[in-house]
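Q: See entry.cif below, with mmCIF, C-alpha atoms.
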data_entry
loop_
_atom_site.label_atom_id
_atom_site.label_comp_id
_atom_site.auth_asym_id
_atom_site.auth_seq_id
_atom_site.Cartn_x
_atom_site.Cartn_y
_atom_site.Cartn_z
CA MET H 796 84.82 24.74 116.63
CA HIS H 797 82.21 23.44 119.07
CA LYS H 798 82.56 20.42 121.29
CA GLN H 799 80.21 18.83 123.75
CA ILE H 800 81.02 17.43 127.17
CA LEU H 801 78.85 14.71 128.68
CA LEU H 802 78.68 14.30 132.45
CA TYR H 803 76.86 11.23 133.73
CA TYR H 804 76.69 8.50 136.34
CA LYS H 805 74.49 5.65 137.41
CA TYR H 806 74.52 3.43 140.46
CA VAL H 807 73.69 0.01 139.07
CA THR H 808 75.02 -3.49 139.71
CA ILE H 809 77.68 -4.38 137.13
CA ASP H 810 78.69 -8.03 137.40
CA ASN H 811 81.66 -7.78 135.04
CA PRO H 812 83.27 -4.32 135.22
CA GLU H 813 86.26 -5.44 133.11
CA THR H 814 83.92 -6.44 130.29
CA VAL H 815 82.17 -3.07 130.44
CA LYS H 816 85.58 -1.38 130.43
CA ILE H 817 86.52 -3.10 127.18
CA GLU H 818 83.15 -2.23 125.64
CA GLN H 819 83.61 1.41 126.62
CA GLN H 820 87.14 1.49 125.20
CA VAL H 821 85.95 0.14 121.86
CA LEU H 822 82.99 2.52 121.74
CA CYS H 823 84.88 5.67 122.75
CA LYS H 824 87.80 4.99 120.41
CA ARG H 825 85.42 4.37 117.52
CA LEU H 826 83.70 7.69 118.22
CA LYS H 827 87.01 9.49 118.89
CA LEU H 828 85.93 10.56 122.37
CA THR H 829 88.30 11.57 125.14
CA GLY H 830 87.61 11.81 128.85
CA ARG H 831 87.48 9.79 132.06
CA ILE H 832 85.19 6.87 132.86
CA ILE H 833 85.20 5.01 136.17
CA ILE H 834 83.53 1.60 136.33
CA ALA H 835 82.85 -0.45 139.45
CA THR H 836 80.54 -3.24 140.54
CA GLU H 837 78.34 -0.46 141.94
CA GLY H 838 77.99 1.51 138.69
CA ILE H 839 79.56 3.92 136.22
CA ASN H 840 80.72 7.55 136.44
CA GLY H 841 81.90 9.31 133.31
CA THR H 842 82.84 12.56 131.63
CA VAL H 843 83.50 12.34 127.90
CA CYS H 844 84.15 14.95 125.24
CA GLY H 845 83.76 15.08 121.48
CA SER H 846 81.84 16.75 118.69
CA PRO H 847 78.06 17.04 119.15
CA GLU H 848 77.61 14.26 116.60
CA GLU H 849 80.08 11.97 118.36
CA THR H 850 78.62 12.52 121.81
CA GLU H 851 75.06 12.07 120.58
CA ALA H 852 76.12 8.79 118.98
CA TYR H 853 77.63 7.76 122.32
CA ILE H 854 74.34 8.48 124.11
CA ALA H 855 72.42 6.45 121.50
CA CYS H 856 74.77 3.48 121.96
CA MET H 857 74.52 3.67 125.74
CA ARG H 858 70.74 3.68 125.54
CA GLN H 859 70.93 0.29 123.80
CA ASN H 860 72.64 -1.24 126.84
CA SER H 861 70.07 -2.47 129.35
CA LEU H 862 72.30 -1.29 132.22
CA PHE H 863 72.37 2.31 131.04
CA THR H 864 69.07 2.98 129.23
CA ASP H 865 67.92 5.58 131.75
CA VAL H 866 71.21 7.36 132.45
CA ASP H 867 70.84 11.14 132.86
CA PHE H 868 73.36 12.65 130.44
CA LYS H 869 74.18 16.27 131.30
CA THR H 870 75.65 18.26 128.44
CA SER H 871 77.87 21.33 128.22
CA THR H 872 78.72 23.07 124.95
CA VAL H 873 82.27 24.38 124.81
CA ASN H 874 83.80 26.69 122.24
CA GLY H 875 87.28 26.52 120.75
CA ALA H 876 89.71 23.87 119.61
CA HIS H 877 91.24 23.34 123.04
CA GLU H 878 91.63 19.78 124.24
CA TYR H 879 89.51 19.60 127.38
CA PHE H 880 90.62 16.02 127.93
CA PRO H 881 93.95 15.18 126.28
CA LYS H 882 93.33 11.44 126.36
CA LEU H 883 90.84 8.69 127.08
CA GLN H 884 91.11 7.07 130.51
CA ILE H 885 88.82 4.19 131.47
CA VAL H 886 89.49 2.43 134.76
CA VAL H 887 87.90 -0.17 137.03
CA ARG H 888 87.86 0.82 140.70
CA PRO H 889 86.14 -0.31 143.91
CA GLU H 890 83.88 2.80 143.90
CA ILE H 891 82.71 5.23 141.23
CA VAL H 892 83.42 8.03 143.73
CA HIS H 893 86.03 7.38 146.39
CA THR H 894 84.14 8.09 149.63
CA GLY H 895 85.74 5.43 151.78
CA LEU H 896 82.27 4.48 153.07
CA ASP H 897 80.91 0.97 153.40
CA LYS H 898 79.25 0.36 150.03
CA GLU H 899 76.53 -1.86 151.43
CA LYS H 900 75.62 0.18 154.52
CA TYR H 901 75.73 3.52 152.71
CA ALA H 902 74.44 2.50 149.30
CA ALA H 903 72.92 5.14 147.03
CA GLN H 904 69.48 3.57 147.49
CA PHE H 905 69.58 4.71 151.12
CA GLY H 906 70.43 8.30 150.21
CA GLY H 907 68.44 11.46 150.66
CA LYS H 908 65.16 12.09 148.87
CA HIS H 909 65.65 13.44 145.35
CA LEU H 910 64.20 16.87 144.67
CA THR H 911 63.90 18.12 141.10
CA PRO H 912 65.36 21.56 140.38
CA ASP H 913 61.82 22.98 140.55
CA GLN H 914 61.17 21.36 143.93
CA ALA H 915 64.54 22.47 145.31
CA HIS H 916 63.96 26.02 144.07
CA ALA H 917 60.52 26.11 145.69
CA LEU H 918 61.97 24.91 148.99
CA LEU H 919 64.69 27.56 148.85
CA GLU H 920 62.08 30.21 148.10
CA GLN H 921 60.04 29.15 151.13
CA LYS H 922 63.19 29.32 153.26
CA PRO H 923 61.79 27.43 156.28
CA GLU H 924 63.58 28.16 159.55
CA ASP H 925 64.65 24.54 159.94
CA LEU H 926 66.30 24.32 156.49
CA VAL H 927 70.06 23.70 156.24
CA VAL H 928 71.61 23.85 152.77
CA LEU H 929 74.71 21.64 152.80
CA ASP H 930 77.45 21.65 150.16
CA GLY H 931 78.68 18.13 149.43
CA ARG H 932 81.76 19.30 147.53
CA ASN H 933 85.29 20.31 148.48
CA ASP H 934 85.77 23.77 149.94
CA TYR H 935 87.89 24.99 147.01
CA GLU H 936 84.93 24.34 144.70
CA ALA H 937 82.65 26.47 146.86
CA ARG H 938 85.08 29.40 146.74
CA VAL H 939 83.86 30.36 143.28
CA GLY H 940 80.20 29.30 143.47
CA LYS H 941 77.65 28.09 145.98
CA PHE H 942 74.00 28.23 147.01
CA VAL H 943 72.92 31.20 149.08
CA ASP H 944 73.51 30.65 152.83
CA ALA H 945 74.95 27.16 152.24
CA VAL H 946 77.05 25.44 154.90
CA ILE H 947 80.50 24.79 153.39
CA PRO H 948 82.43 21.94 155.07
CA PRO H 949 86.16 22.80 155.30
CA ILE H 950 87.27 19.65 153.46
CA ASP H 951 89.70 18.92 150.61
CA THR H 952 88.15 15.60 149.58
CA CYS H 953 84.76 13.96 149.97
CA ARG H 954 86.46 11.24 152.02
CA ASP H 955 86.62 13.85 154.80
CA PHE H 956 82.87 14.50 154.68
CA PRO H 957 81.85 11.75 157.14
CA THR H 958 84.28 13.08 159.76
CA TYR H 959 82.89 16.58 159.26
CA VAL H 960 79.36 15.28 159.81
CA ASP H 961 80.39 13.40 162.95
CA GLN H 962 82.07 16.48 164.40
CA ASN H 963 79.16 18.80 163.57
CA ILE H 964 76.18 16.49 163.94
CA GLU H 965 74.22 18.84 166.22
CA GLN H 966 73.77 21.45 163.51
CA PHE H 967 71.62 18.94 161.60
CA LYS H 968 69.45 17.88 164.54
CA ASP H 969 65.73 18.15 163.69
CA LYS H 970 66.59 20.00 160.47
CA GLN H 971 65.61 19.63 156.84
CA VAL H 972 68.93 19.20 155.08
CA LEU H 973 69.20 19.98 151.37
CA MET H 974 72.46 18.61 149.94
CA TYR H 975 74.00 19.39 146.58
CA CYS H 976 77.14 18.71 144.54
CA THR H 977 78.22 19.25 140.92
CA GLY H 978 76.21 16.58 139.13
CA GLY H 979 74.65 14.59 141.95
CA VAL H 980 76.92 11.56 142.20
CA ARG H 981 78.70 12.50 145.42
CA CYS H 982 75.46 13.28 147.25
CA GLU H 983 74.05 9.82 146.55
CA ARG H 984 76.40 8.19 149.05
CA LEU H 985 77.20 11.16 151.30
CA SER H 986 73.54 11.87 151.93
CA SER H 987 73.03 8.23 152.93
CA TYR H 988 75.71 8.70 155.60
CA LEU H 989 73.95 11.73 157.05
CA LYS H 990 70.55 10.07 156.78
CA GLU H 991 71.76 6.93 158.59
CA LYS H 992 72.65 9.07 161.62
CA GLY H 993 68.91 9.48 162.19
CA ILE H 994 69.27 13.01 163.54
CA ALA H 995 67.97 15.17 160.68
CA LYS H 996 64.22 15.61 160.20
CA GLU H 997 64.67 14.98 156.46
CA VAL H 998 67.59 14.69 154.07
CA TYR H 999 67.18 15.85 150.47
CA GLN H 1000 69.52 15.98 147.49
CA ILE H 1001 69.13 18.03 144.31
CA GLU H 1002 68.55 15.67 141.40
CA GLY H 1003 71.25 16.30 138.80
CA GLY H 1004 73.13 18.57 141.18
CA ILE H 1005 74.18 22.12 140.41
CA HIS H 1006 74.32 21.32 136.72
CA ARG H 1007 70.62 20.56 136.37
CA TYR H 1008 69.57 23.33 138.78
CA VAL H 1009 71.38 26.14 136.93
CA GLU H 1010 70.07 24.92 133.57
CA LYS H 1011 66.61 25.79 134.87
CA TYR H 1012 67.55 28.67 137.18
CA PRO H 1013 70.76 30.37 135.96
CA ASP H 1014 69.90 33.42 138.06
CA GLY H 1015 68.47 31.44 140.98
CA PHE H 1016 69.86 30.60 144.40
CA PHE H 1017 73.17 29.28 143.10
CA ARG H 1018 75.56 32.19 142.70
CA GLY H 1019 78.91 32.42 140.94
CA LYS H 1020 80.58 29.71 138.88
CA ASN H 1021 80.27 25.94 138.87
CA TYR H 1022 83.62 24.23 139.48
CA VAL H 1023 84.23 21.41 136.99
CA PHE H 1024 86.95 18.78 136.75
CA ASP H 1025 88.33 19.42 133.28
CA ALA H 1026 90.42 22.06 131.52
CA ARG H 1027 87.68 24.66 131.91
CA VAL H 1028 88.10 24.55 135.71
CA THR H 1029 84.90 26.59 136.08
CA ALA H 1030 81.72 27.03 134.07
CA HIS H 1031 80.00 30.42 134.05
CA VAL H 1032 76.54 30.50 135.61
CA ASN H 1033 75.93 34.15 136.54
CA ASP H 1034 78.02 37.29 137.04
CA ASP H 1035 78.37 37.14 140.84
CA VAL H 1036 82.02 37.02 141.95
CA LEU H 1037 82.26 35.36 145.37
CA SER H 1038 85.99 35.07 145.95
CA LEU H 1039 89.20 37.07 146.24
CA CYS H 1040 92.57 36.96 144.53
CA ASP H 1041 95.01 34.92 146.62
CA LEU H 1042 97.76 37.45 145.92
CA CYS H 1043 96.15 40.86 146.45
CA ASN H 1044 92.70 40.13 147.95
CA GLY H 1045 91.01 41.91 145.08
CA SER H 1046 87.74 40.59 143.70
CA SER H 1047 88.35 37.62 141.39
CA ASP H 1048 87.16 34.07 140.74
CA ASP H 1049 89.60 32.92 138.06
CA TYR H 1050 91.34 29.68 139.01
CA THR H 1051 94.67 28.86 137.43
CA ASN H 1052 97.70 26.66 138.13
CA CYS H 1053 101.09 28.01 139.15
CA LYS H 1054 103.47 28.23 136.20
CA ASN H 1055 106.20 26.73 138.38
CA ALA H 1056 105.80 23.10 137.30
CA LEU H 1057 107.20 21.83 140.61
CA CYS H 1058 104.50 23.76 142.47
CA ASN H 1059 101.52 23.59 140.09
CA LYS H 1060 99.28 24.91 142.89
CA GLN H 1061 95.75 25.78 141.86
CA TYR H 1062 94.94 29.29 143.03
CA ILE H 1063 92.75 32.30 142.28
CA SER H 1064 94.39 35.25 140.60
CA CYS H 1065 93.11 38.55 139.22
CA PRO H 1066 94.36 39.68 135.77
CA SER H 1067 96.72 42.23 137.32
CA CYS H 1068 98.44 39.68 139.58
CA THR H 1069 98.53 37.09 136.83
CA GLU H 1070 100.55 39.53 134.74
CA LYS H 1071 102.65 40.85 137.65
CA PHE H 1072 103.70 37.41 138.88
CA ASN H 1073 103.87 35.78 135.43
CA ASN H 1074 101.20 33.17 136.20
CA CYS H 1075 102.84 32.19 139.48
CA CYS H 1076 101.08 31.69 142.80
CA SER H 1077 103.63 33.63 144.86
CA GLN H 1078 106.62 35.95 144.72
CA GLU H 1079 108.84 32.98 145.60
CA CYS H 1080 107.64 30.89 142.65
CA HIS H 1081 107.90 33.93 140.39
CA GLU H 1082 111.54 34.48 141.38
CA LEU H 1083 112.46 30.80 141.04
CA LEU H 1084 110.96 30.73 137.56
CA ALA H 1085 112.63 33.99 136.52
CA GLU H 1086 116.00 32.67 137.70
CA GLY H 1087 115.52 29.44 135.75
CA LYS H 1088 115.70 27.30 138.88
CA VAL H 1089 112.43 25.49 138.17
CA PRO H 1090 110.76 24.25 134.95
CA ALA H 1091 107.77 26.14 133.58
CA ARG H 1092 104.40 24.48 133.29
CA PRO H 1093 103.20 24.38 129.66
CA TYR H 1094 100.79 27.17 128.80
CA ARG H 1095 97.12 26.23 128.67
CA PRO H 1096 94.85 28.59 126.74
CA LYS H 1097 91.86 30.05 128.54
CA VAL H 1098 88.68 28.21 127.64
CA ASN H 1099 85.21 29.70 127.28
CA ALA H 1100 82.33 27.46 128.20
CA GLU H 1101 78.65 27.69 128.85
CA ILE H 1102 76.36 25.30 130.66
#
Transcribe the structure of this file into structure tokens.

A:
Amino acid sequence: MHKQILLYYKYVTIDNPETVKIEQQVLCKRLKLTGRIIIATEGINGTVCGSPEETEAYIACMRQNSLFTDVDFKTSTVNGAHEYFPKLQIVVRPEIVHTGLDKEKYAAQFGGKHLTPDQAHALLEQKPEDLVVLDGRNDYEARVGKFVDAVIPPIDTCRDFPTYVDQNIEQFKDKQVLMYCTGGVRCERLSSYLKEKGIAKEVYQIEGGIHRYVEKYPDGFFRGKNYVFDARVTAHVNDDVLSLCDLCNGSSDDYTNCKNALCNKQYISCPSCTEKFNNCCSQECHELLAEGKVPARPYRPKVNAEI
């Protein structure tokens, strides 16, 4: 059984987000789509899942809305009957990505120059001495996949990105900075923050993010897996394994969640440690679970996916 996941966003003025929310609820329920959609006065940011026919129908309906006619819908085909999104969640929020930045001062229109995947690849091939490749994601995402020689900010949330820039501003002085994130939405605002500092020679962002780049260059400068925010956790790009098992330090890039429901920590585990510790992130959690002192997290089947 094949399903298709749509990843999309658009920064556009929405005068009545609540009205758009209702329209999206009606549309998604009619098409039996699940997923998450965030709507704000500044735009829309969504990930929805359904059959290829259902998702294509969703795209066609969105194209008929003057606000969303030119939205870039990124697609991933996933195999199996697993529920990647167990329900439909549509919410209205102040931002479509919670950056904590002033929406007017750091609007997407003031962000870094968009480079197509071809342009970004050419720049990376040239490898000019003044080029800094900057990851706009969280550090746990970069553990399993990143661009070659990228700077990885040690942050847990993109709200920490501005502080990181402020504390490390000199490394961007007189540099060409190429930023990237999963699908591009985070870089729109984060790149505007770096650009406003006026210290970098130029600030770029990869149009469509990692997703669009690896569609064109699966064996290019991005190595490893692309971290995604659904039940897949990661999407295979190439065979490079960049990380280590958190339990034995052996080579592995398989993220999972601790079976101890009270812990539920996301961690990387090799097959041997997964079996040895019964899907737990530590000996302590393993013992607590074995002794029945904590509830077990429901089993989630492993999902195969391809970009």

Q: Output the residue selection produced by the PyMOL selection byres ((chain H and resi 903) around 9) on the file above, formatted as a ChimeraX atom specification.

A: /H:806,898,901-902,904-907,980,982-987

Q: Write a file of the just-selected residues containing C-alpha atoms, as a PDB file, in the coordinates of the input.

A:
ATOM      1  CA  TYR H 806      74.520   3.430 140.460  1.00  0.00           C
ATOM      2  CA  LYS H 898      79.250   0.360 150.030  1.00  0.00           C
ATOM      3  CA  TYR H 901      75.730   3.520 152.710  1.00  0.00           C
ATOM      4  CA  ALA H 902      74.440   2.500 149.300  1.00  0.00           C
ATOM      5  CA  GLN H 904      69.480   3.570 147.490  1.00  0.00           C
ATOM      6  CA  PHE H 905      69.580   4.710 151.120  1.00  0.00           C
ATOM      7  CA  GLY H 906      70.430   8.300 150.210  1.00  0.00           C
ATOM      8  CA  GLY H 907      68.440  11.460 150.660  1.00  0.00           C
ATOM      9  CA  VAL H 980      76.920  11.560 142.200  1.00  0.00           C
ATOM     10  CA  CYS H 982      75.460  13.280 147.250  1.00  0.00           C
ATOM     11  CA  GLU H 983      74.050   9.820 146.550  1.00  0.00           C
ATOM     12  CA  ARG H 984      76.400   8.190 149.050  1.00  0.00           C
ATOM     13  CA  LEU H 985      77.200  11.160 151.300  1.00  0.00           C
ATOM     14  CA  SER H 986      73.540  11.870 151.930  1.00  0.00           C
ATOM     15  CA  SER H 987      73.030   8.230 152.930  1.00  0.00           C
TER      16      SER H 987
END

Q: Take the PyMOL selection byres ((chain H and resi 932-944) around 7), apply it to the structure above, and return the hits as a list in words.

A: Asp930, Gly931, Ala945, Val946, Ile947, Pro948, Pro949, Ile950, Asp951, Thr952, Cys953, Cys976, Phe1016, Phe1017, Arg1018, Gly1019, Lys1020, Asn1021, Tyr1022, Leu1037, Ser1038 and Asp1048 of chain H

Q: Go through H:Leu828, H:Ile839, H:Ala1085, H:Leu822 one by one, measure the shortest atom-to-atom distance of each to H:Thr808 using all atoms listed in the file, and give the residue with the smallest value.

A: H:Ile839

Q: Give me the result of the PyMOL selection byres ((chain H and resi 1075) around 12) on this file, residue by residue, as a ChimeraX atom specification.

A: /H:1041-1042,1050-1074,1076-1085,1089,1091-1092,1094

Q: For atom CA of H:Glu965 and atom CA of H:Ile994, determine how far apart the two atoms are, in Å to one decimal place.

A: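 Between atom CA of H:Glu965 and atom CA of H:Ile994 the gap works out to 8.1 Å.
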
Q: To one decimal place, how far is atom CA of H:His797 from atom CA of H:Thr870 in Å?

A: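 If I compute the distance from atom CA of H:His797 to atom CA of H:Thr870, I get 12.6 Å.
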
Q: In Å, rounded to a single decimal, give me how far atom CA of H:Gly845 is from atom CA of H:Leu801.

A: 8.7 Å

Q: Pick from H:Cys1043, H:Val1023, H:Ile1005, H:Ile833: nearest to H:Gln884, with all atoms listed in the file counted?

A: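 Looking only at the distances to H:Gln884, the closest residue turns out to be H:Ile833.
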
Q: Pick out the residues sitting within 7 Å of H:Val972, and hand them over as a VMD selection string; count all atoms listed in the file, and ignore anything fewer than 5 positions along from it in its own chain.

A: chain H and resid 926 to 929 995 997 to 999
